[in-house]
$ cat coords-v5.txt   # compact mmCIF, C-alpha atoms
# COMPACT_ATOMS: atom_id res chain seq x y z
CA MET A 390 -40.86 180.33 35.68
CA LEU A 391 -38.09 179.41 38.08
CA THR A 392 -40.61 178.78 40.81
CA ARG A 393 -42.69 176.48 38.55
CA VAL A 394 -39.59 174.50 37.49
CA CYS A 395 -38.45 174.12 41.06
CA LEU A 396 -41.90 172.90 42.06
CA THR A 397 -41.91 170.42 39.16
CA VAL A 398 -38.49 169.05 40.12
CA ALA A 399 -39.61 168.78 43.72
CA ALA A 400 -42.75 166.94 42.68
CA LEU A 401 -40.76 164.51 40.53
CA ALA A 402 -38.35 163.90 43.37
CA LEU A 403 -41.25 163.23 45.71
CA GLY A 404 -42.78 160.87 43.16
CA CYS A 405 -39.55 158.92 42.87
CA THR A 406 -39.30 158.65 46.64
CA CYS A 407 -42.88 157.35 46.86
CA SER A 408 -42.28 154.86 44.05
CA ALA A 409 -39.22 153.51 45.83
CA ALA A 410 -41.18 153.26 49.07
CA GLN A 411 -43.94 151.34 47.27
CA GLN A 412 -41.64 148.83 45.60
CA PRO A 413 -43.53 145.51 45.55
CA PHE A 414 -42.41 143.17 48.31
CA TYR A 415 -41.63 140.35 45.88
CA ALA A 416 -39.98 142.44 43.17
CA GLY A 417 -36.75 140.76 42.04
CA LYS A 418 -37.26 137.79 44.36
CA GLN A 419 -37.75 134.07 43.94
CA LEU A 420 -40.60 132.34 45.78
CA THR A 421 -40.14 128.65 46.59
CA ILE A 422 -43.27 126.56 47.09
CA LEU A 423 -42.32 123.74 49.44
CA VAL A 424 -44.46 120.59 49.07
CA ASN A 425 -44.34 118.19 52.01
CA TYR A 426 -44.88 115.08 49.86
CA ASP A 427 -42.97 113.52 47.00
CA ALA A 428 -43.55 114.41 43.35
CA GLY A 429 -46.42 112.69 41.58
CA GLY A 430 -49.00 112.65 44.36
CA PRO A 431 -52.17 114.79 44.66
CA THR A 432 -50.52 117.44 46.86
CA ASP A 433 -47.69 117.86 44.37
CA LEU A 434 -50.14 117.94 41.45
CA GLU A 435 -52.18 120.74 43.01
CA ALA A 436 -49.09 122.70 44.04
CA ARG A 437 -47.64 122.65 40.53
CA VAL A 438 -50.84 123.92 38.93
CA PHE A 439 -50.98 126.56 41.68
CA SER A 440 -47.36 127.56 41.02
CA ARG A 441 -47.94 128.08 37.30
CA HIS A 442 -50.56 130.76 37.91
CA ILE A 443 -50.07 132.40 41.32
CA GLY A 444 -47.06 134.49 40.25
CA LYS A 445 -49.04 136.79 37.97
CA HIS A 446 -51.21 137.79 40.94
CA ILE A 447 -48.24 138.71 43.12
CA PRO A 448 -47.04 142.31 42.60
CA GLY A 449 -43.43 142.20 41.51
CA ASN A 450 -43.92 138.92 39.58
CA PRO A 451 -41.40 136.79 41.49
CA ARG A 452 -39.93 133.68 39.91
CA ILE A 453 -41.80 130.65 41.24
CA ILE A 454 -40.23 127.23 41.78
CA VAL A 455 -41.54 124.06 43.44
CA GLN A 456 -39.46 121.98 45.86
CA ASN A 457 -40.58 118.57 47.13
CA MET A 458 -39.59 117.39 50.59
CA GLY A 459 -41.47 114.24 51.46
CA GLY A 460 -40.91 111.97 54.42
CA ALA A 461 -42.58 110.87 57.68
CA GLY A 462 -46.04 111.44 56.23
CA GLY A 463 -45.42 115.12 55.52
CA ILE A 464 -43.69 116.02 58.79
CA VAL A 465 -40.21 116.44 57.30
CA GLY A 466 -41.22 119.26 54.97
CA THR A 467 -43.45 120.91 57.55
CA LYS A 468 -40.70 120.96 60.17
CA PHE A 469 -38.13 122.18 57.64
CA LEU A 470 -40.19 125.28 56.86
CA GLY A 471 -40.47 126.26 60.52
CA GLU A 472 -37.05 125.20 61.76
CA VAL A 473 -34.66 125.68 58.84
CA GLY A 474 -36.35 127.50 55.97
CA PRO A 475 -35.94 131.25 55.38
CA ARG A 476 -38.34 133.49 57.26
CA ASP A 477 -38.16 136.38 54.82
CA GLY A 478 -41.26 135.39 52.85
CA THR A 479 -39.34 133.63 50.05
CA MET A 480 -40.48 130.11 50.99
CA VAL A 481 -44.12 129.14 51.43
CA GLY A 482 -45.39 125.69 52.32
CA TYR A 483 -48.06 123.87 50.33
CA PHE A 484 -48.88 121.19 52.87
CA THR A 485 -51.23 118.29 53.41
CA ALA A 486 -51.94 116.75 56.82
CA SER A 487 -49.75 119.11 58.85
CA THR A 488 -52.62 120.23 61.08
CA GLN A 489 -53.50 116.68 62.08
CA ARG A 490 -49.84 115.77 62.44
CA TYR A 491 -49.54 118.53 65.00
CA VAL A 492 -52.69 117.50 66.88
CA THR A 493 -51.72 113.83 67.18
CA ASN A 494 -48.00 114.30 67.75
CA PRO A 495 -47.11 117.86 68.83
CA ASP A 496 -43.87 116.72 70.48
CA ARG A 497 -42.33 116.10 67.05
CA PHE A 498 -42.52 119.83 66.29
CA LYS A 499 -39.63 121.82 67.73
CA VAL A 500 -41.41 124.93 66.46
CA ASP A 501 -45.09 125.01 67.46
CA PHE A 502 -47.12 124.66 64.25
CA ARG A 503 -49.70 127.09 65.65
CA THR A 504 -47.10 129.88 65.39
CA TYR A 505 -46.81 129.56 61.59
CA GLU A 506 -48.45 132.21 59.41
CA PHE A 507 -51.47 130.73 57.62
CA ILE A 508 -52.14 132.13 54.15
CA ALA A 509 -55.04 129.90 53.11
CA VAL A 510 -56.58 126.52 53.80
CA LEU A 511 -58.27 124.13 51.43
CA PRO A 512 -61.38 122.34 52.72
CA SER A 513 -61.52 118.90 51.26
CA GLY A 514 -61.59 115.37 52.41
CA ARG A 515 -61.22 111.78 51.42
CA ILE A 516 -63.27 109.22 49.60
CA HIS A 517 -62.80 105.72 51.00
CA PHE A 518 -62.92 102.81 48.56
CA MET A 519 -62.20 99.09 48.37
CA ARG A 520 -61.57 96.36 45.84
CA THR A 521 -64.66 94.39 44.88
CA ASP A 522 -62.79 91.07 45.12
CA ILE A 523 -62.61 91.24 48.92
CA LYS A 524 -64.14 87.97 50.15
CA PRO A 525 -67.00 87.09 49.99
CA GLY A 526 -67.43 89.74 47.27
CA MET A 527 -68.24 93.43 47.74
CA LYS A 528 -71.36 94.62 45.92
CA SER A 529 -72.37 97.61 48.06
CA ALA A 530 -70.76 99.95 50.58
CA ALA A 531 -72.52 98.22 53.48
CA ASP A 532 -70.77 94.96 52.56
CA VAL A 533 -67.60 96.34 54.17
CA ILE A 534 -68.73 94.91 57.52
CA ARG A 535 -68.87 91.43 55.93
CA GLY A 536 -65.36 91.56 54.51
CA GLU A 537 -63.26 88.56 55.49
CA ASP A 538 -59.86 89.67 54.23
CA ILE A 539 -59.79 93.46 54.29
CA ILE A 540 -56.24 94.81 54.14
CA VAL A 541 -55.94 98.55 54.70
CA GLY A 542 -52.95 100.24 53.07
CA GLY A 543 -51.46 103.44 54.47
CA LEU A 544 -48.67 105.96 54.33
CA GLN A 545 -47.93 106.57 58.02
CA ARG A 546 -49.39 105.01 61.16
CA ASP A 547 -50.34 108.32 62.79
CA GLY A 548 -51.14 110.15 59.53
CA PRO A 549 -54.65 111.57 59.14
CA LYS A 550 -55.53 109.36 56.19
CA ASP A 551 -54.48 106.20 58.01
CA VAL A 552 -56.15 107.27 61.24
CA ALA A 553 -59.39 108.13 59.42
CA MET A 554 -59.53 104.73 57.73
CA ARG A 555 -58.90 102.88 60.98
CA LEU A 556 -61.26 104.98 63.12
CA THR A 557 -64.18 104.52 60.74
CA LEU A 558 -63.63 100.79 60.23
CA ASP A 559 -63.31 100.33 64.00
CA MET A 560 -66.58 102.19 64.56
CA LEU A 561 -68.30 100.02 61.94
CA GLY A 562 -66.88 96.89 63.54
CA ALA A 563 -65.21 95.76 60.31
CA ARG A 564 -62.50 93.10 60.47
CA TYR A 565 -59.29 94.26 58.85
CA ARG A 566 -55.53 94.04 58.80
CA TYR A 567 -53.46 97.20 58.48
CA VAL A 568 -50.20 97.65 56.57
CA THR A 569 -48.38 100.94 56.19
CA GLY A 570 -45.14 102.50 55.00
CA TYR A 571 -45.95 103.48 51.42
CA ASN A 572 -44.11 106.71 50.70
CA SER A 573 -46.77 108.45 48.59
CA SER A 574 -50.29 108.10 47.22
CA ALA A 575 -48.80 107.30 43.83
CA GLN A 576 -46.93 104.32 45.28
CA ALA A 577 -49.97 103.26 47.28
CA MET A 578 -52.19 103.27 44.19
CA ILE A 579 -49.77 100.97 42.37
CA ALA A 580 -49.81 98.63 45.37
CA LEU A 581 -53.62 98.71 45.48
CA GLN A 582 -53.85 97.71 41.84
CA ARG A 583 -51.31 94.93 42.39
CA GLY A 584 -53.44 93.57 45.21
CA GLU A 585 -50.94 94.19 48.01
CA PHE A 586 -53.87 95.67 49.92
CA ASN A 587 -57.53 96.19 49.05
CA TYR A 588 -58.83 99.18 51.03
CA TYR A 589 -57.68 102.78 50.73
CA ALA A 590 -58.79 106.43 50.81
CA ASP A 591 -57.63 109.51 48.99
CA SER A 592 -58.45 113.02 47.84
CA PRO A 593 -61.12 114.00 45.31
CA PRO A 594 -58.64 114.85 42.52
CA LEU A 595 -57.08 111.40 42.74
CA TYR A 596 -60.52 109.78 42.96
CA LYS A 597 -61.73 111.52 39.81
CA THR A 598 -58.62 110.85 37.78
CA LYS A 599 -57.51 107.40 39.03
CA ILE A 600 -60.29 105.71 40.98
CA GLU A 601 -63.50 106.55 39.14
CA PRO A 602 -62.42 104.73 35.95
CA LEU A 603 -61.73 101.61 38.05
CA VAL A 604 -65.12 101.97 39.75
CA LYS A 605 -66.80 102.05 36.34
CA ALA A 606 -64.78 98.98 35.35
CA GLY A 607 -66.05 97.14 38.45
CA THR A 608 -62.63 96.76 40.09
CA LEU A 609 -63.19 99.22 42.93
CA LEU A 610 -66.21 100.29 44.97
CA PRO A 611 -66.68 103.56 46.91
CA VAL A 612 -67.56 103.02 50.56
CA PHE A 613 -68.15 106.53 51.97
CA TYR A 614 -66.60 109.99 52.11
CA ASP A 615 -65.44 112.15 54.99
CA PRO A 616 -67.95 115.02 55.35
CA GLN A 617 -67.06 118.60 56.16
CA TYR A 618 -67.46 119.52 59.83
CA ASP A 619 -67.17 122.99 61.32
CA GLY A 620 -67.27 121.95 64.96
CA ARG A 621 -71.09 122.05 65.07
CA ASP A 622 -72.65 120.82 61.83
CA PHE A 623 -71.88 118.43 59.00
CA SER A 624 -72.11 119.57 55.39
CA VAL A 625 -71.65 118.14 51.92
CA PRO A 626 -68.37 119.23 50.29
CA LEU A 627 -68.70 120.78 46.85
CA TYR A 628 -66.75 117.94 45.27
CA MET A 629 -69.42 115.43 46.41
CA LYS A 630 -72.45 117.25 44.98
CA ASN A 631 -72.63 115.03 41.90
CA TYR A 632 -71.98 111.71 43.66
CA SER A 633 -74.42 109.34 45.35
CA ILE A 634 -71.78 108.18 47.86
CA LYS A 635 -72.87 108.57 51.49
CA PRO A 636 -70.89 110.43 54.16
CA PHE A 637 -69.53 108.18 56.91
CA HIS A 638 -72.13 109.04 59.55
CA GLU A 639 -74.97 108.29 57.12
CA LEU A 640 -73.44 104.97 56.10
CA TYR A 641 -73.03 104.14 59.78
CA ARG A 642 -76.69 105.06 60.44
CA SER A 643 -77.87 102.91 57.53
CA ILE A 644 -76.00 99.91 58.97
CA LYS A 645 -76.38 100.45 62.73
CA GLY A 646 -79.68 102.37 62.86
CA THR A 647 -78.23 105.29 64.82
CA LEU A 648 -75.44 107.87 64.66
CA PRO A 649 -71.99 107.00 66.04
CA SER A 650 -71.03 108.00 69.58
CA GLY A 651 -68.16 107.56 72.00
CA GLN A 652 -64.47 108.35 72.02
CA LEU A 653 -63.76 107.04 68.51
CA TRP A 654 -66.49 109.31 67.18
CA GLU A 655 -65.15 112.34 69.02
CA ALA A 656 -61.69 111.63 67.65
CA TYR A 657 -63.08 111.32 64.12
CA LYS A 658 -64.92 114.64 64.42
CA SER A 659 -61.72 116.31 65.59
CA LEU A 660 -59.96 114.79 62.60
CA LEU A 661 -62.63 116.20 60.28
CA LEU A 662 -62.21 119.65 61.79
CA THR A 663 -58.43 119.82 61.72
CA ASN A 664 -57.83 117.82 58.55
CA GLY A 665 -61.11 118.34 56.69
CA THR A 666 -61.75 122.05 56.89
CA MET A 667 -57.96 122.50 56.79
CA TYR A 668 -57.10 119.56 54.56
CA ARG A 669 -54.29 121.44 52.85
CA GLN A 670 -52.57 124.58 54.08
CA ILE A 671 -50.63 127.32 52.35
CA VAL A 672 -48.38 128.62 55.10
CA LEU A 673 -45.37 130.80 55.81
CA PRO A 674 -42.96 130.12 58.68
CA PRO A 675 -43.31 131.93 62.02
CA ALA A 676 -42.36 135.61 62.06
CA ALA A 677 -42.62 135.95 58.27
CA PRO A 678 -43.02 139.59 57.15
CA LYS A 679 -46.55 140.90 57.45
CA ALA A 680 -46.26 142.28 53.91
CA ALA A 681 -45.63 138.77 52.56
CA VAL A 682 -48.67 137.40 54.41
CA GLU A 683 -50.95 140.13 53.07
CA VAL A 684 -49.65 139.90 49.49
CA LEU A 685 -50.01 136.14 49.31
CA ARG A 686 -53.50 136.14 50.81
CA ALA A 687 -54.59 138.72 48.24
CA ALA A 688 -53.02 136.65 45.45
CA VAL A 689 -54.96 133.54 46.51
CA VAL A 690 -58.21 135.51 46.34
CA LYS A 691 -57.40 136.70 42.82
CA LEU A 692 -56.42 133.20 41.75
CA ALA A 693 -59.99 132.00 42.30
CA ASN A 694 -61.14 134.29 39.47
CA ASP A 695 -58.31 133.41 37.10
CA ARG A 696 -59.94 131.68 34.12
CA ASP A 697 -56.70 130.14 32.92
CA TYR A 698 -56.03 128.67 36.36
CA VAL A 699 -59.57 127.35 36.75
CA SER A 700 -59.41 125.83 33.28
CA GLU A 701 -56.11 124.04 33.87
CA ALA A 702 -57.05 122.92 37.38
CA THR A 703 -60.34 121.49 36.11
CA LYS A 704 -58.57 119.70 33.28
CA VAL A 705 -55.83 118.25 35.47
CA MET A 706 -57.70 117.60 38.73
CA GLY A 707 -61.38 117.54 37.83
CA GLU A 708 -62.10 120.83 39.61
CA ALA A 709 -60.39 123.98 40.82
CA PRO A 710 -59.53 123.95 44.55
CA GLU A 711 -61.47 126.46 46.63
CA TYR A 712 -58.98 128.10 48.95
CA VAL A 713 -60.29 129.82 52.07
CA THR A 714 -58.50 132.85 53.48
CA SER A 715 -59.26 135.79 55.72
CA ALA A 716 -57.62 138.28 58.06
CA SER A 717 -58.69 136.07 60.98
CA LEU A 718 -57.33 132.82 59.52
CA ASN A 719 -54.43 132.55 61.98
CA ASP A 720 -56.83 132.76 64.93
CA ASP A 721 -59.28 130.29 63.36
CA VAL A 722 -56.62 127.66 62.67
CA ARG A 723 -54.91 128.04 66.04
CA LYS A 724 -58.23 127.64 67.85
CA ALA A 725 -59.04 124.45 65.92
CA LEU A 726 -55.61 123.01 66.75
CA SER A 727 -56.05 123.60 70.48
CA ILE A 728 -58.04 120.47 71.45
CA SER A 729 -58.51 119.11 74.96
CA PRO A 730 -55.55 117.32 76.55
CA GLU A 731 -57.67 114.17 77.02
CA LEU A 732 -58.65 113.95 73.36
CA LYS A 733 -55.12 114.78 72.26
CA ALA A 734 -53.75 111.98 74.45
CA PHE A 735 -56.26 109.51 73.05
CA MET A 736 -55.52 110.45 69.44
CA THR A 737 -51.78 110.25 70.05
CA ALA A 738 -52.13 106.78 71.55
CA TYR A 739 -54.50 105.67 68.78
CA GLY A 740 -52.10 106.93 66.14
CA LYS A 741 -49.42 104.64 67.57
CA GLY A 742 -51.80 101.69 67.84
CA LYS A 743 -52.49 98.79 65.51
$ encode --input "coords-v5.txt" --output "structure tokens"
Amino acid sequence: MLTRVCLTVAALALGCTCSAAQQPFYAGKQLTILVNYDAGGPTDLEARVFSRHIGKHIPGNPRIIVQNMGGAGGIVGTKFLGEVGPRDGTMVGYFTASTQRYVTNPDRFKVDFRTYEFIAVLPSGRIHFMRTDIKPGMKSAADVIRGEDIIVGGLQRDGPKDVAMRLTLDMLGARYRYVTGYNSSAQAMIALQRGEFNYYADSPPLYKTKIEPLVKAGTLLPVFYDPQYDGRDFSVPLYMKNYSIKPFHELYRSIKGTLPSGQLWEAYKSLLLTNGTMYRQIVLPPAAPKAAVEVLRAAVVKLANDRDYVSEATKVMGEAPEYVTSASLNDDVRKALSISPELKAFMTAYGKGK
């Protein structure tokens, strides 16, 4: 009897030791989701829906809060995470445009963005659209090359959205004037409706919720969308399956009779790779605990099958984002961000151009 009791006590003691050793990484902690744009825009909208559901898929059920840190087209928040933010896994970035920001202006990053820990990326893109009252009157996407008073509105001169709009219009040979400095997509949309500018581009969630009703009303007209590009082939993003809008290269072919070529085209393809396949990023700072990386990647996978999340995301944004994650994600992202010095120099100079 004594032997059995002693064995039982020993087993319980061992069980307690194992339980303590297996304490969930996020037990008793708070996880801050840092958004690199102001509240109210599409990045913030997605991050807040994400924040309301991701916690239940993280062992330990940490308290989740969202913090906005906009500025410089997303660079302020991105740099804060790597240079100032805690590296203990308690702050994770929910970023837009950071990959392209790094490619076009790496010198602004004191901490190399390629050294961050990538949890997931969100393939997406932009739909480009214009007001129909651009002279002499826009009735089809191809009319963009006839526009006499196109004014492109933007957030930041070297930001991926602004660069994409300018690259594509330059390739088409459209005549336009460019104004920038709007602090968020929400502010830009107000300016577009006021007529401060008449050409813009934004993400699918914003298009479905804000732009599509204006297209149906005849105020706005879609021009093209940025296709997905994996470095070899173009593909149709899921969000475009039910639209008749052409991808840029097909619109170009319908107008010019051939596919684009040259340095502008190479820069655009690089933009599609770094800011299309990696449009948004969920990322931890460099040297974050491996346990945090693994837990958060697993949580993102589970989130995709969360009916409550999918339901709310579809209601709020038109569809549930499809996050991509894998054990090799760090290597995949870092490879995509390592472009040739010549192309990097061209894109940096173009980003500072007109």
$ closest_residue --input "coords-v5.txt" --among "A:Ile454, A:Ala702, A:Val492, A:Val481" --to "Arg723 of chain A" --atoms "only C-alpha atoms"
A:Val492
$ closest_atom_pairs --input "coords-v5.txt" --of "segment 398-465 of chain A" --to "segment 595-610 of chain A" --cutoff "12 Å" --atoms "all atoms listed in the file" --output "JSON lines"
{"residue": "A:Gly429", "atom": "CA", "partner": "A:Leu595", "partner_atom": "CA", "distance": 10.8}
{"residue": "A:Gly430", "atom": "CA", "partner": "A:Leu595", "partner_atom": "CA", "distance": 8.3}
{"residue": "A:Pro431", "atom": "CA", "partner": "A:Leu595", "partner_atom": "CA", "distance": 6.3}
{"residue": "A:Thr432", "atom": "CA", "partner": "A:Leu595", "partner_atom": "CA", "distance": 9.8}
{"residue": "A:Asp433", "atom": "CA", "partner": "A:Leu595", "partner_atom": "CA", "distance": 11.5}
{"residue": "A:Leu434", "atom": "CA", "partner": "A:Leu595", "partner_atom": "CA", "distance": 9.6}
{"residue": "A:Glu435", "atom": "CA", "partner": "A:Leu595", "partner_atom": "CA", "distance": 10.6}
$ closest_residue --input "coords-v5.txt" --among "A:Arg642, A:Arg583, A:Arg490, A:Lys418" --to "Thr663 of chain A" --atoms "only C-alpha atoms"
A:Arg490
$ atom_distance --input "coords-v5.txt" --atom1 "atom CA of Phe613 of chain A" --atom2 "atom CA of Phe518 of chain A"
7.3 Å
$ atom_distance --input "coords-v5.txt" --atom1 "atom CA of Val684 of chain A" --atom2 "atom CA of His446 of chain A"
8.9 Å
$ atom_distance --input "coords-v5.txt" --atom1 "atom CA of His517 of chain A" --atom2 "atom CA of Tyr589 of chain A"
5.9 Å
$ residues_around --input "coords-v5.txt" --residues "Asn425 of chain A" --least-positions-apart "4" --cutoff "9 Å" --atoms "all atoms listed in the file" --output "PyMOL selection string"
chain A and resi 432-433+456-460+462-467+482-485+487
$ closest_residue --input "coords-v5.txt" --among "A:Ser729, A:Gln419, A:Gln617, A:Ser529" --to "Thr479 of chain A" --atoms "only C-alpha atoms"
A:Gln419
$ closest_residue --input "coords-v5.txt" --among "A:Leu561, A:Ala738, A:Ala575, A:Val689" --to "Leu648 of chain A" --atoms "all atoms listed in the file"
A:Leu561
$ residues_near_point --input "coords-v5.txt" --point "(-49.2, 131.0, 51.6)" --cutoff "6 Å" --atoms "all atoms listed in the file" --output "JSON, numbers by chain"
{"A": [481, 508, 671, 672, 673, 685]}
$ decode --input "coords-v5.txt" --residues "segment 418-444 of chain A" --atoms "N, CA and C atoms" --output "tab-separated table (two decimals), in the first residue's frame"
chain	number	residue	atom	x	y	z
A	418	LYS	N	-1.12	36.84	-20.68
A	418	LYS	CA	-0.49	37.96	-21.37
A	418	LYS	C	-1.50	38.77	-22.18
A	419	GLN	N	-1.07	39.94	-22.59
A	419	GLN	CA	-1.85	40.78	-23.49
A	419	GLN	C	-1.13	40.86	-24.82
A	420	LEU	N	-1.85	40.69	-25.92
A	420	LEU	CA	-1.27	40.76	-27.25
A	420	LEU	C	-1.78	42.02	-27.93
A	421	THR	N	-0.87	42.90	-28.30
A	421	THR	CA	-1.22	44.14	-28.99
A	421	THR	C	-1.05	43.94	-30.49
A	422	ILE	N	-2.11	44.23	-31.25
A	422	ILE	CA	-2.05	44.19	-32.70
A	422	ILE	C	-1.81	45.61	-33.19
A	423	LEU	N	-0.63	45.86	-33.72
A	423	LEU	CA	-0.23	47.19	-34.17
A	423	LEU	C	-0.56	47.37	-35.64
A	424	VAL	N	-1.43	48.34	-35.94
A	424	VAL	CA	-1.84	48.63	-37.31
A	424	VAL	C	-1.07	49.85	-37.80
A	425	ASN	N	-0.45	49.75	-38.96
A	425	ASN	CA	0.41	50.85	-39.42
A	425	ASN	C	-0.33	51.91	-40.23
A	426	TYR	N	-1.65	51.97	-40.09
A	426	TYR	CA	-2.45	53.05	-40.67
A	426	TYR	C	-3.47	53.52	-39.65
A	427	ASP	N	-4.02	54.69	-39.88
A	427	ASP	CA	-4.99	55.27	-38.95
A	427	ASP	C	-6.28	54.46	-38.90
A	428	ALA	N	-7.07	54.69	-37.87
A	428	ALA	CA	-8.36	54.03	-37.72
A	428	ALA	C	-9.30	54.46	-38.84
A	429	GLY	N	-10.14	53.51	-39.26
A	429	GLY	CA	-11.16	53.82	-40.25
A	429	GLY	C	-10.87	53.33	-41.65
A	430	GLY	N	-9.61	53.04	-41.95
A	430	GLY	CA	-9.25	52.58	-43.28
A	430	GLY	C	-9.39	51.06	-43.41
A	431	PRO	N	-9.16	50.51	-44.61
A	431	PRO	CA	-9.32	49.07	-44.83
A	431	PRO	C	-8.38	48.19	-43.99
A	432	THR	N	-7.14	48.65	-43.77
A	432	THR	CA	-6.22	47.86	-42.95
A	432	THR	C	-6.75	47.76	-41.52
A	433	ASP	N	-7.17	48.88	-40.98
A	433	ASP	CA	-7.72	48.93	-39.63
A	433	ASP	C	-8.98	48.08	-39.53
A	434	LEU	N	-9.83	48.15	-40.54
A	434	LEU	CA	-11.08	47.39	-40.54
A	434	LEU	C	-10.80	45.89	-40.46
A	435	GLU	N	-9.88	45.43	-41.30
A	435	GLU	CA	-9.53	44.01	-41.29
A	435	GLU	C	-8.91	43.60	-39.96
A	436	ALA	N	-8.01	44.43	-39.45
A	436	ALA	CA	-7.31	44.10	-38.21
A	436	ALA	C	-8.27	43.98	-37.04
A	437	ARG	N	-9.28	44.81	-37.00
A	437	ARG	CA	-10.23	44.77	-35.88
A	437	ARG	C	-11.13	43.54	-35.93
A	438	VAL	N	-11.53	43.13	-37.12
A	438	VAL	CA	-12.29	41.88	-37.24
A	438	VAL	C	-11.39	40.71	-36.85
A	439	PHE	N	-10.15	40.74	-37.32
A	439	PHE	CA	-9.15	39.73	-36.97
A	439	PHE	C	-8.97	39.65	-35.46
A	440	SER	N	-8.86	40.80	-34.81
A	440	SER	CA	-8.59	40.85	-33.37
A	440	SER	C	-9.73	40.28	-32.54
A	441	ARG	N	-10.96	40.39	-33.05
A	441	ARG	CA	-12.12	39.91	-32.29
A	441	ARG	C	-12.23	38.39	-32.29
A	442	HIS	N	-11.46	37.72	-33.14
A	442	HIS	CA	-11.62	36.26	-33.25
A	442	HIS	C	-10.33	35.47	-33.05
A	443	ILE	N	-9.18	36.09	-33.27
A	443	ILE	CA	-7.93	35.33	-33.22
A	443	ILE	C	-7.62	34.81	-31.82
A	444	GLY	N	-8.03	35.55	-30.77
A	444	GLY	CA	-7.67	35.17	-29.40
A	444	GLY	C	-8.12	33.79	-28.99
